[in-house]
>>> print(open('structure.cif').read())   # mmCIF, C-alpha atoms
data_protein
loop_
_atom_site.group_PDB
_atom_site.id
_atom_site.type_symbol
_atom_site.label_atom_id
_atom_site.label_comp_id
_atom_site.auth_asym_id
_atom_site.auth_seq_id
_atom_site.Cartn_x
_atom_site.Cartn_y
_atom_site.Cartn_z
ATOM 1 C CA MET T 1 9.947 27.970 -8.283
ATOM 2 C CA TYR T 2 9.804 29.370 -4.772
ATOM 3 C CA PHE T 3 13.576 29.058 -4.150
ATOM 4 C CA ASP T 4 15.977 31.624 -5.672
ATOM 5 C CA SER T 5 18.929 29.264 -6.203
ATOM 6 C CA ILE T 6 19.804 25.577 -6.259
ATOM 7 C CA TYR T 7 21.797 26.102 -3.054
ATOM 8 C CA GLU T 8 18.692 27.435 -1.297
ATOM 9 C CA LEU T 9 16.639 24.561 -2.633
ATOM 10 C CA LEU T 10 19.133 22.040 -1.244
ATOM 11 C CA THR T 11 19.613 23.657 2.166
ATOM 12 C CA MET T 12 16.038 24.959 2.642
ATOM 13 C CA GLY T 13 17.153 27.334 5.380
ATOM 14 C CA GLY T 14 18.629 24.513 7.464
ATOM 15 C CA HIS T 15 15.751 22.096 6.964
ATOM 16 C CA GLY T 16 17.209 20.616 3.763
ATOM 17 C CA PRO T 17 18.654 17.411 5.269
ATOM 18 C CA TYR T 18 15.300 16.601 6.946
ATOM 19 C CA VAL T 19 13.130 17.324 3.908
ATOM 20 C CA TRP T 20 15.422 15.574 1.393
ATOM 21 C CA ALA T 21 15.909 12.537 3.645
ATOM 22 C CA ALA T 22 12.126 12.198 3.996
ATOM 23 C CA TYR T 23 11.604 12.472 0.224
ATOM 24 C CA GLY T 24 14.428 9.975 -0.443
ATOM 25 C CA ILE T 25 12.904 7.425 1.916
ATOM 26 C CA GLY T 26 9.434 8.105 0.484
ATOM 27 C CA LEU T 27 10.656 7.487 -3.040
ATOM 28 C CA SER T 28 12.358 4.239 -2.031
ATOM 29 C CA VAL T 29 9.114 3.002 -0.408
ATOM 30 C CA LEU T 30 7.227 3.725 -3.652
ATOM 31 C CA VAL T 31 9.902 1.951 -5.724
ATOM 32 C CA TRP T 32 9.875 -1.060 -3.370
ATOM 33 C CA ASN T 33 6.086 -1.314 -3.652
ATOM 34 C CA LEU T 34 6.298 -1.129 -7.427
ATOM 35 C CA PHE T 35 9.062 -3.661 -8.051
ATOM 36 C CA THR T 36 8.294 -6.352 -5.438
ATOM 37 C CA PRO T 37 5.091 -7.571 -7.179
ATOM 38 C CA ILE T 38 6.684 -7.341 -10.647
ATOM 39 C CA PHE T 39 9.642 -9.557 -9.637
ATOM 40 C CA GLN T 40 7.393 -11.870 -7.625
ATOM 41 C CA GLY T 41 5.032 -12.305 -10.584
ATOM 42 C CA ARG T 42 7.900 -13.076 -12.959
ATOM 43 C CA LYS T 43 9.416 -15.601 -10.539
ATOM 44 C CA THR T 44 6.082 -17.406 -10.142
ATOM 45 C CA ALA T 45 5.418 -17.454 -13.897
ATOM 46 C CA ASP T 46 8.909 -18.873 -14.577
ATOM 47 C CA ALA T 47 8.431 -21.571 -11.934
ATOM 48 C CA ILE T 48 5.054 -22.571 -13.414
ATOM 49 C CA ARG T 49 6.519 -22.802 -16.933
ATOM 50 C CA ARG T 50 9.501 -24.831 -15.649
ATOM 51 C CA ASN T 51 7.227 -27.282 -13.829
ATOM 52 C CA ALA T 52 5.032 -27.688 -16.897
ATOM 53 C CA ARG T 53 8.091 -28.423 -19.068
ATOM 54 C CA ARG T 54 9.344 -30.978 -16.556
ATOM 55 C CA GLU T 55 5.951 -32.694 -16.516
ATOM 56 C CA GLN T 56 5.907 -32.724 -20.305
ATOM 57 C CA LEU T 57 9.383 -34.319 -20.476
ATOM 58 C CA ARG T 58 8.429 -36.955 -17.929
ATOM 59 C CA HIS T 59 5.286 -37.729 -19.886
ATOM 60 C CA GLU T 60 7.262 -38.125 -23.124
ATOM 61 C CA GLN T 61 9.849 -40.326 -21.422
ATOM 62 C CA LEU T 62 7.141 -42.633 -20.079
ATOM 63 C CA GLN T 63 5.620 -42.878 -23.543
ATOM 64 C CA ARG T 64 9.014 -43.784 -25.091
ATOM 65 C CA GLU T 65 9.542 -46.492 -22.510
ATOM 66 C CA GLY T 66 6.176 -47.879 -23.598
ATOM 67 C CA ARG T 67 4.503 -47.539 -20.262
ATOM 68 C CA MET Z 1 -28.927 -8.675 -10.253
ATOM 69 C CA LYS Z 2 -26.457 -7.026 -7.873
ATOM 70 C CA TRP Z 3 -25.546 -10.350 -6.276
ATOM 71 C CA THR Z 4 -24.570 -11.968 -9.568
ATOM 72 C CA PHE Z 5 -22.133 -9.072 -10.037
ATOM 73 C CA PHE Z 6 -20.514 -9.773 -6.668
ATOM 74 C CA HIS Z 7 -20.385 -13.454 -7.431
ATOM 75 C CA ARG Z 8 -18.682 -12.872 -10.755
ATOM 76 C CA MET Z 9 -16.291 -10.355 -9.184
ATOM 77 C CA SER Z 10 -15.067 -12.943 -6.705
ATOM 78 C CA SER Z 11 -13.929 -15.251 -9.500
ATOM 79 C CA PRO Z 12 -10.116 -15.008 -9.749
ATOM 80 C CA LYS Z 13 -10.143 -15.361 -13.544
ATOM 81 C CA TRP Z 14 -12.733 -12.608 -14.028
ATOM 82 C CA PHE Z 15 -10.846 -10.346 -11.648
ATOM 83 C CA TYR Z 16 -7.537 -11.030 -13.404
ATOM 84 C CA ASP Z 17 -9.002 -10.055 -16.781
ATOM 85 C CA PHE Z 18 -10.846 -7.000 -15.426
ATOM 86 C CA SER Z 19 -7.867 -5.673 -13.440
ATOM 87 C CA GLY Z 20 -5.658 -6.066 -16.512
ATOM 88 C CA LYS Z 21 -7.864 -3.561 -18.327
ATOM 89 C CA CYS Z 22 -7.842 -0.989 -15.477
ATOM 90 C CA LEU Z 23 -4.149 -1.293 -14.642
ATOM 91 C CA PRO Z 24 -2.608 1.081 -17.242
ATOM 92 C CA TRP Z 25 -5.130 3.869 -16.492
ATOM 93 C CA VAL Z 26 -4.635 3.653 -12.749
ATOM 94 C CA GLY Z 27 -0.847 3.573 -13.199
ATOM 95 C CA VAL Z 28 -0.688 6.646 -15.430
ATOM 96 C CA LEU Z 29 -3.066 8.638 -13.192
ATOM 97 C CA ALA Z 30 -1.115 7.647 -10.054
ATOM 98 C CA LEU Z 31 2.222 8.632 -11.566
ATOM 99 C CA GLY Z 32 0.806 11.951 -12.821
ATOM 100 C CA CYS Z 33 -0.763 12.906 -9.481
ATOM 101 C CA ILE Z 34 2.241 11.884 -7.346
ATOM 102 C CA ALA Z 35 4.738 13.663 -9.617
ATOM 103 C CA THR Z 36 2.556 16.808 -9.705
ATOM 104 C CA GLY Z 37 1.704 16.828 -5.989
ATOM 105 C CA LEU Z 38 5.232 16.210 -4.717
ATOM 106 C CA THR Z 39 6.988 18.589 -7.138
ATOM 107 C CA TRP Z 40 4.415 21.286 -6.431
ATOM 108 C CA GLY Z 41 4.740 20.836 -2.684
ATOM 109 C CA LEU Z 42 8.493 20.655 -2.732
ATOM 110 C CA LEU Z 43 9.285 23.523 -5.120
ATOM 111 C CA PHE Z 44 6.305 25.801 -5.690
ATOM 112 C CA THR Z 45 4.633 26.391 -2.328
ATOM 113 C CA PRO Z 46 5.705 29.072 0.149
ATOM 114 C CA PRO Z 47 7.257 27.972 3.472
ATOM 115 C CA ASP Z 48 5.102 27.741 6.598
ATOM 116 C CA TYR Z 49 5.191 30.889 8.735
ATOM 117 C CA LEU Z 50 5.977 28.864 11.864
ATOM 118 C CA GLN Z 51 7.700 25.678 10.743
ATOM 119 C CA GLY Z 52 9.652 27.041 7.765
ATOM 120 C CA ASN Z 53 10.547 24.552 5.050
ATOM 121 C CA SER Z 54 10.327 21.405 7.199
ATOM 122 C CA TYR Z 55 6.549 21.418 6.722
ATOM 123 C CA ARG Z 56 7.117 20.234 3.117
ATOM 124 C CA ILE Z 57 7.285 16.719 4.600
ATOM 125 C CA ILE Z 58 3.481 16.998 4.963
ATOM 126 C CA PHE Z 59 3.059 16.142 1.259
ATOM 127 C CA LEU Z 60 4.468 12.674 2.023
ATOM 128 C CA HIS Z 61 3.476 12.250 5.654
ATOM 129 C CA VAL Z 62 -0.271 12.923 5.459
ATOM 130 C CA PRO Z 63 -0.946 10.763 2.353
ATOM 131 C CA SER Z 64 1.006 7.804 3.743
ATOM 132 C CA ALA Z 65 -0.565 8.055 7.221
ATOM 133 C CA SER Z 66 -4.045 8.340 5.719
ATOM 134 C CA LEU Z 67 -3.349 5.351 3.447
ATOM 135 C CA ALA Z 68 -1.997 3.250 6.312
ATOM 136 C CA MET Z 69 -5.347 3.645 8.124
ATOM 137 C CA THR Z 70 -7.611 3.335 5.061
ATOM 138 C CA VAL Z 71 -5.786 0.222 3.846
ATOM 139 C CA TYR Z 72 -6.272 -1.352 7.279
ATOM 140 C CA VAL Z 73 -10.026 -0.660 7.250
ATOM 141 C CA GLY Z 74 -10.262 -2.118 3.729
ATOM 142 C CA LEU Z 75 -8.166 -5.104 4.786
ATOM 143 C CA ALA Z 76 -10.307 -5.823 7.854
ATOM 144 C CA ILE Z 77 -13.595 -5.554 5.900
ATOM 145 C CA THR Z 78 -12.213 -7.823 3.139
ATOM 146 C CA ALA Z 79 -10.982 -10.274 5.778
ATOM 147 C CA GLY Z 80 -14.459 -10.283 7.360
ATOM 148 C CA ILE Z 81 -16.127 -10.942 4.006
ATOM 149 C CA GLY Z 82 -13.638 -13.717 3.254
ATOM 150 C CA TYR Z 83 -14.120 -15.246 6.701
ATOM 151 C CA ILE Z 84 -17.924 -15.302 6.538
ATOM 152 C CA TRP Z 85 -18.469 -16.295 2.903
ATOM 153 C CA LYS Z 86 -15.202 -18.229 2.422
ATOM 154 C CA ILE Z 87 -14.182 -16.302 -0.684
ATOM 155 C CA LYS Z 88 -10.728 -17.259 -1.944
ATOM 156 C CA LEU Z 89 -10.115 -13.934 -3.682
ATOM 157 C CA ALA Z 90 -10.828 -12.014 -0.441
ATOM 158 C CA ASP Z 91 -8.082 -13.938 1.351
ATOM 159 C CA MET Z 92 -5.683 -13.273 -1.510
ATOM 160 C CA ALA Z 93 -6.520 -9.549 -1.241
ATOM 161 C CA VAL Z 94 -5.849 -9.588 2.527
ATOM 162 C CA SER Z 95 -2.456 -11.209 1.995
ATOM 163 C CA CYS Z 96 -1.573 -8.543 -0.613
ATOM 164 C CA LEU Z 97 -2.808 -5.545 1.399
ATOM 165 C CA ALA Z 98 -0.782 -6.317 4.550
ATOM 166 C CA PRO Z 99 2.738 -5.605 3.175
ATOM 167 C CA ILE Z 100 1.507 -2.511 1.274
ATOM 168 C CA GLY Z 101 -0.151 -1.112 4.409
ATOM 169 C CA ALA Z 102 2.941 -1.928 6.463
ATOM 170 C CA SER Z 103 5.185 -0.010 4.051
ATOM 171 C CA PHE Z 104 3.003 3.130 4.157
ATOM 172 C CA CYS Z 105 2.615 2.905 7.930
ATOM 173 C CA ALA Z 106 6.406 2.699 8.277
ATOM 174 C CA LEU Z 107 6.767 5.647 5.878
ATOM 175 C CA ALA Z 108 4.303 7.717 7.936
ATOM 176 C CA LEU Z 109 6.240 6.930 11.130
ATOM 177 C CA ILE Z 110 9.662 7.646 9.574
ATOM 178 C CA THR Z 111 8.626 10.902 7.850
ATOM 179 C CA GLY Z 112 6.837 11.955 11.053
ATOM 180 C CA SER Z 113 9.957 11.276 13.052
ATOM 181 C CA ILE Z 114 12.127 13.274 10.616
ATOM 182 C CA TRP Z 115 9.585 16.114 10.747
ATOM 183 C CA GLY Z 116 9.485 15.937 14.537
ATOM 184 C CA LYS Z 117 13.203 16.630 14.984
ATOM 185 C CA PRO Z 118 13.264 20.239 13.643
ATOM 186 C CA THR Z 119 9.685 20.965 14.822
ATOM 187 C CA TRP Z 120 9.456 19.426 18.303
ATOM 188 C CA GLY Z 121 13.196 18.970 18.938
ATOM 189 C CA THR Z 122 12.869 15.193 19.252
ATOM 190 C CA TRP Z 123 12.730 12.185 16.921
ATOM 191 C CA TRP Z 124 10.189 10.310 19.021
ATOM 192 C CA VAL Z 125 7.828 10.733 21.970
ATOM 193 C CA TRP Z 126 5.453 8.150 23.457
ATOM 194 C CA ASP Z 127 2.516 10.332 22.483
ATOM 195 C CA ALA Z 128 -0.946 8.776 21.867
ATOM 196 C CA ARG Z 129 -0.945 9.351 18.090
ATOM 197 C CA LEU Z 130 2.599 8.059 17.570
ATOM 198 C CA THR Z 131 2.158 5.045 19.840
ATOM 199 C CA SER Z 132 -1.172 3.964 18.306
ATOM 200 C CA MET Z 133 0.378 4.321 14.836
ATOM 201 C CA LEU Z 134 3.300 2.124 15.944
ATOM 202 C CA ILE Z 135 0.750 -0.486 17.096
ATOM 203 C CA LEU Z 136 -0.796 -0.332 13.619
ATOM 204 C CA LEU Z 137 2.628 -1.148 12.119
ATOM 205 C CA PHE Z 138 2.955 -4.114 14.493
ATOM 206 C CA LEU Z 139 -0.539 -5.306 13.468
ATOM 207 C CA TYR Z 140 0.478 -5.190 9.810
ATOM 208 C CA LEU Z 141 3.759 -7.018 10.500
ATOM 209 C CA GLY Z 142 1.830 -9.498 12.665
ATOM 210 C CA LEU Z 143 -0.500 -10.227 9.741
ATOM 211 C CA VAL Z 144 2.453 -10.856 7.425
ATOM 212 C CA ALA Z 145 4.225 -13.083 9.979
ATOM 213 C CA LEU Z 146 1.077 -14.990 11.009
ATOM 214 C CA ARG Z 147 0.410 -16.059 7.433
ATOM 215 C CA GLU Z 148 3.911 -17.503 7.182
ATOM 216 C CA ALA Z 149 3.503 -19.373 10.461
ATOM 217 C CA PHE Z 150 0.957 -21.899 9.144
ATOM 218 C CA ASP Z 151 1.510 -24.686 6.627
ATOM 219 C CA SER Z 152 -2.186 -24.859 5.777
ATOM 220 C CA LYS Z 153 -3.408 -21.941 3.678
ATOM 221 C CA GLU Z 154 -6.926 -22.259 5.088
ATOM 222 C CA THR Z 155 -5.826 -22.075 8.735
ATOM 223 C CA ALA Z 156 -3.552 -19.133 7.921
ATOM 224 C CA SER Z 157 -6.430 -17.365 6.179
ATOM 225 C CA ARG Z 158 -8.776 -17.810 9.181
ATOM 226 C CA ALA Z 159 -6.152 -16.742 11.736
ATOM 227 C CA CYS Z 160 -5.234 -13.636 9.719
ATOM 228 C CA ALA Z 161 -8.901 -12.698 9.263
ATOM 229 C CA ILE Z 162 -9.510 -12.851 13.028
ATOM 230 C CA LEU Z 163 -6.386 -10.796 13.820
ATOM 231 C CA ALA Z 164 -7.360 -8.245 11.140
ATOM 232 C CA MET Z 165 -10.891 -7.829 12.534
ATOM 233 C CA VAL Z 166 -9.742 -7.550 16.163
ATOM 234 C CA GLY Z 167 -7.084 -5.007 15.165
ATOM 235 C CA LEU Z 168 -9.763 -2.745 13.694
ATOM 236 C CA VAL Z 169 -10.354 -1.364 17.201
ATOM 237 C CA ASN Z 170 -7.029 0.495 16.879
ATOM 238 C CA ILE Z 171 -8.214 2.644 13.939
ATOM 239 C CA PRO Z 172 -10.622 4.971 15.843
ATOM 240 C CA ILE Z 173 -7.998 5.197 18.584
ATOM 241 C CA ILE Z 174 -5.467 6.546 16.047
ATOM 242 C CA LYS Z 175 -8.039 8.819 14.419
ATOM 243 C CA PHE Z 176 -9.313 10.439 17.613
ATOM 244 C CA SER Z 177 -6.091 10.252 19.659
ATOM 245 C CA VAL Z 178 -5.367 13.920 18.934
ATOM 246 C CA ASP Z 179 -8.812 14.910 20.310
ATOM 247 C CA TRP Z 180 -9.048 12.488 23.243
ATOM 248 C CA TRP Z 181 -5.598 13.108 24.669
ATOM 249 C CA ASN Z 182 -3.421 16.153 24.930
ATOM 250 C CA THR Z 183 -0.838 15.119 22.376
ATOM 251 C CA LEU Z 184 2.289 16.690 20.963
ATOM 252 C CA HIS Z 185 1.006 15.729 17.517
ATOM 253 C CA GLN Z 186 -1.081 18.481 15.940
ATOM 254 C CA GLY Z 187 -4.796 18.063 15.200
ATOM 255 C CA ALA Z 188 -6.260 17.105 11.847
ATOM 256 C CA THR Z 189 -5.444 19.509 8.984
ATOM 257 C CA ILE Z 190 -8.279 18.405 6.716
ATOM 258 C CA LYS Z 191 -11.693 17.728 8.261
ATOM 259 C CA MET Z 192 -14.868 16.540 6.606
ATOM 260 C CA THR Z 193 -17.089 18.883 8.588
ATOM 261 C CA GLU Z 194 -15.035 22.064 8.770
ATOM 262 C CA ARG Z 195 -12.999 24.299 6.519
ATOM 263 C CA PRO Z 196 -9.387 23.093 6.327
ATOM 264 C CA SER Z 197 -6.938 24.947 8.578
ATOM 265 C CA MET Z 198 -4.501 25.381 5.701
ATOM 266 C CA ALA Z 199 -3.929 27.984 2.997
ATOM 267 C CA LEU Z 200 -5.313 27.011 -0.401
ATOM 268 C CA GLU Z 201 -1.891 27.165 -2.095
ATOM 269 C CA MET Z 202 -0.665 24.431 0.277
ATOM 270 C CA LEU Z 203 -3.939 22.505 0.430
ATOM 271 C CA VAL Z 204 -4.307 21.890 -3.322
ATOM 272 C CA PRO Z 205 -0.905 20.179 -3.795
ATOM 273 C CA LEU Z 206 -1.604 18.168 -0.638
ATOM 274 C CA LEU Z 207 -4.927 16.934 -2.044
ATOM 275 C CA VAL Z 208 -3.249 16.090 -5.383
ATOM 276 C CA SER Z 209 -0.560 14.157 -3.516
ATOM 277 C CA ILE Z 210 -3.178 12.290 -1.427
ATOM 278 C CA ALA Z 211 -5.063 11.329 -4.614
ATOM 279 C CA GLY Z 212 -1.786 10.171 -6.186
ATOM 280 C CA PHE Z 213 -0.876 7.996 -3.189
ATOM 281 C CA TYR Z 214 -4.344 6.366 -3.126
ATOM 282 C CA LEU Z 215 -4.153 5.636 -6.870
ATOM 283 C CA PHE Z 216 -0.607 4.325 -6.500
ATOM 284 C CA CYS Z 217 -1.744 2.061 -3.685
ATOM 285 C CA LEU Z 218 -4.555 0.719 -5.883
ATOM 286 C CA PHE Z 219 -2.050 0.166 -8.692
ATOM 287 C CA VAL Z 220 0.469 -1.830 -6.638
ATOM 288 C CA PHE Z 221 -2.386 -3.701 -4.919
ATOM 289 C CA LEU Z 222 -3.679 -4.850 -8.325
ATOM 290 C CA LEU Z 223 -0.138 -5.834 -9.373
ATOM 291 C CA ARG Z 224 0.316 -7.876 -6.201
ATOM 292 C CA LEU Z 225 -3.110 -9.462 -6.383
ATOM 293 C CA ARG Z 226 -2.575 -10.492 -10.005
ATOM 294 C CA ALA Z 227 0.743 -12.168 -9.076
ATOM 295 C CA GLU Z 228 -0.984 -13.866 -6.127
ATOM 296 C CA ILE Z 229 -3.848 -15.114 -8.340
ATOM 297 C CA ILE Z 230 -1.362 -16.637 -10.792
ATOM 298 C CA SER Z 231 0.514 -18.291 -7.932
ATOM 299 C CA ARG Z 232 -2.536 -19.799 -6.217
ATOM 300 C CA GLU Z 233 -4.371 -20.755 -9.407
ATOM 301 C CA GLN Z 234 -1.341 -22.269 -11.133
ATOM 302 C CA ARG Z 235 -3.010 -25.683 -11.392
ATOM 303 C CA THR Z 236 -5.958 -24.326 -13.371
ATOM 304 C CA SER Z 237 -6.073 -24.570 -17.148
ATOM 305 C CA TRP Z 238 -6.652 -20.831 -17.706
ATOM 306 C CA VAL Z 239 -3.421 -19.874 -15.896
ATOM 307 C CA ARG Z 240 -1.488 -22.573 -17.766
ATOM 308 C CA SER Z 241 -2.750 -21.446 -21.135
ATOM 309 C CA LEU Z 242 -2.176 -17.791 -20.173
ATOM 310 C CA LEU Z 243 1.479 -18.516 -19.437
ATOM 311 C CA GLY Z 244 1.873 -20.817 -22.428
ATOM 312 C CA ALA Z 245 2.577 -23.739 -20.114
ATOM 313 C CA LYS Z 246 1.027 -26.829 -21.689
ATOM 314 C CA SER Z 247 0.209 -29.803 -19.520
#
>>> encode(input="structure.cif", output="structure tokens")
Amino acid sequence: MYFDSIYELLTMGGHGPYVWAAYGIGLSVLVWNLFTPIFQGRKTADAIRRNARREQLRHEQLQREGR
Amino acid sequence: MKWTFFHRMSSPKWFYDFSGKCLPWVGVLALGCIATGLTWGLLFTPPDYLQGNSYRIIFLHVPSASLAMTVYVGLAITAGIGYIWKIKLADMAVSCLAPIGASFCALALITGSIWGKPTWGTWWVWDARLTSMLILLFLYLGLVALREAFDSKETASRACAILAMVGLVNIPIIKFSVDWWNTLHQGATIKMTERPSMALEMLVPLLVSIAGFYLFCLFVFLLRLRAEIISREQRTSWVRSLLGAKS
């Protein structure tokens, strides 16, 4: 490691707050990009399954009523 | 022979299956490169002789700025292809690329601004590079908003394709802004035609980080596109059987 101590790594000769803030924001952008499609995909898949179940129930009900 | 390949590639089902096979490899490579590049840049490179430690932001700033521009070029070309040949998958790709590009463009602007404070003494200047990059962010946000503004998917797709193609004019302006105008922003660090103006021990982690960001972008693009395919093709039998939803 280039830095001699953890303190030096955190402060980076006065530039620490800038560097760490940039890396924090960068990491959150990566995480956002990763999780948005995963949640979106799950939500869509659940909705499709729910709709299919509803259609199935309606179909069965119609059959029971003899229509 | 080549054309049948393109034709097959534009089928959502084929693309869904194919991307599923590539996804784990791209993901692992992206994670490896980003983790290596950023840790190397942050902990194991010497400080810059002029800028001190603040230059370490370069390992985030350059990859995200480069991606923001490359994604836009890819988006505009895909939009053009979709517009001319009316390919459904191309429009899906355009709708997935816009938010990804917007996020990296915003990251480039934010990290640039944070870097600017200790280096230039200001968070923001209306310099040619910064302003044209801000316009790129507005183009991306415009593409996202425009799609939401139409009820008809087809009209939205055409409107977005036209905006994407017109916006392409901004890309060379961003690229050459540092040469055409006397800007506060420094010139390009890595050039195709010349030796890079950077020491090798800083350049290598930067290149690793750039590769990682491009792979990561491909990874999240595939994830998004797969979710979009499922959403738009939900009436088809292959999606229903894939999700175990019987009809």
>>> interface_residues(input="structure.cif", of="chain T", to="chain Z", cutoff="9 Å", atoms="only C-alpha atoms", output="ChimeraX atom specification")
/T:1-3,9,12-16,18-23,25-26,29-30,32-38,40-42,44-46,48-53,55-56
>>> atom_distance(input="structure.cif", atom1="CA of Arg147 in chain Z", atom2="CA of Gly82 in chain Z")
14.8 Å
>>> residues_around(input="structure.cif", residues="Ala90 in chain Z", least_positions_apart="3", cutoff="12 Å", atoms="all atoms listed in the file", output="PyMOL selection string")
chain Z and resi 6-7+9-12+15+74-87+93-97+157-158+160-161+225+228-229
>>> write_last_selection(input="structure.cif", atoms="C-alpha atoms", output="compact mmCIF listing (two decimals), in the frame of the given file")
# COMPACT_ATOMS: atom_id res chain seq x y z
CA PHE Z 6 -20.51 -9.77 -6.67
CA HIS Z 7 -20.39 -13.45 -7.43
CA MET Z 9 -16.29 -10.36 -9.18
CA SER Z 10 -15.07 -12.94 -6.70
CA SER Z 11 -13.93 -15.25 -9.50
CA PRO Z 12 -10.12 -15.01 -9.75
CA PHE Z 15 -10.85 -10.35 -11.65
CA GLY Z 74 -10.26 -2.12 3.73
CA LEU Z 75 -8.17 -5.10 4.79
CA ALA Z 76 -10.31 -5.82 7.85
CA ILE Z 77 -13.60 -5.55 5.90
CA THR Z 78 -12.21 -7.82 3.14
CA ALA Z 79 -10.98 -10.27 5.78
CA GLY Z 80 -14.46 -10.28 7.36
CA ILE Z 81 -16.13 -10.94 4.01
CA GLY Z 82 -13.64 -13.72 3.25
CA TYR Z 83 -14.12 -15.25 6.70
CA ILE Z 84 -17.92 -15.30 6.54
CA TRP Z 85 -18.47 -16.30 2.90
CA LYS Z 86 -15.20 -18.23 2.42
CA ILE Z 87 -14.18 -16.30 -0.68
CA ALA Z 93 -6.52 -9.55 -1.24
CA VAL Z 94 -5.85 -9.59 2.53
CA SER Z 95 -2.46 -11.21 2.00
CA CYS Z 96 -1.57 -8.54 -0.61
CA LEU Z 97 -2.81 -5.54 1.40
CA SER Z 157 -6.43 -17.36 6.18
CA ARG Z 158 -8.78 -17.81 9.18
CA CYS Z 160 -5.23 -13.64 9.72
CA ALA Z 161 -8.90 -12.70 9.26
CA LEU Z 225 -3.11 -9.46 -6.38
CA GLU Z 228 -0.98 -13.87 -6.13
CA ILE Z 229 -3.85 -15.11 -8.34
>>> atom_distance(input="structure.cif", atom1="CA of Tyr72 in chain Z", atom2="CA of Val178 in chain Z")
19.2 Å
>>> resolve_selection(input="structure.cif", expression="the PyMOL selection byres ((chain Z and resi 173-177) around 9)", output="JSON, numbers by chain")
{"Z": [69, 128, 129, 130, 131, 132, 133, 136, 169, 170, 171, 172, 178, 179, 180, 181, 182, 183, 188]}
>>> resolve_selection(input="structure.cif", expression="the PyMOL selection byres ((chain Z and resi 21-34) around 8)", output="ChimeraX atom specification")
/Z:17-20,35-38,208-209,211-216,218-219,222
>>> atom_distance(input="structure.cif", atom1="CA of Lys88 in chain Z", atom2="CA of Glu154 in chain Z")
9.4 Å
>>> closest_residue(input="structure.cif", among="Z:Thr4, Z:Ser237, Z:Cys105, Z:Trp124", to="His185 in chain Z", atoms="all atoms listed in the file")
Z:Trp124
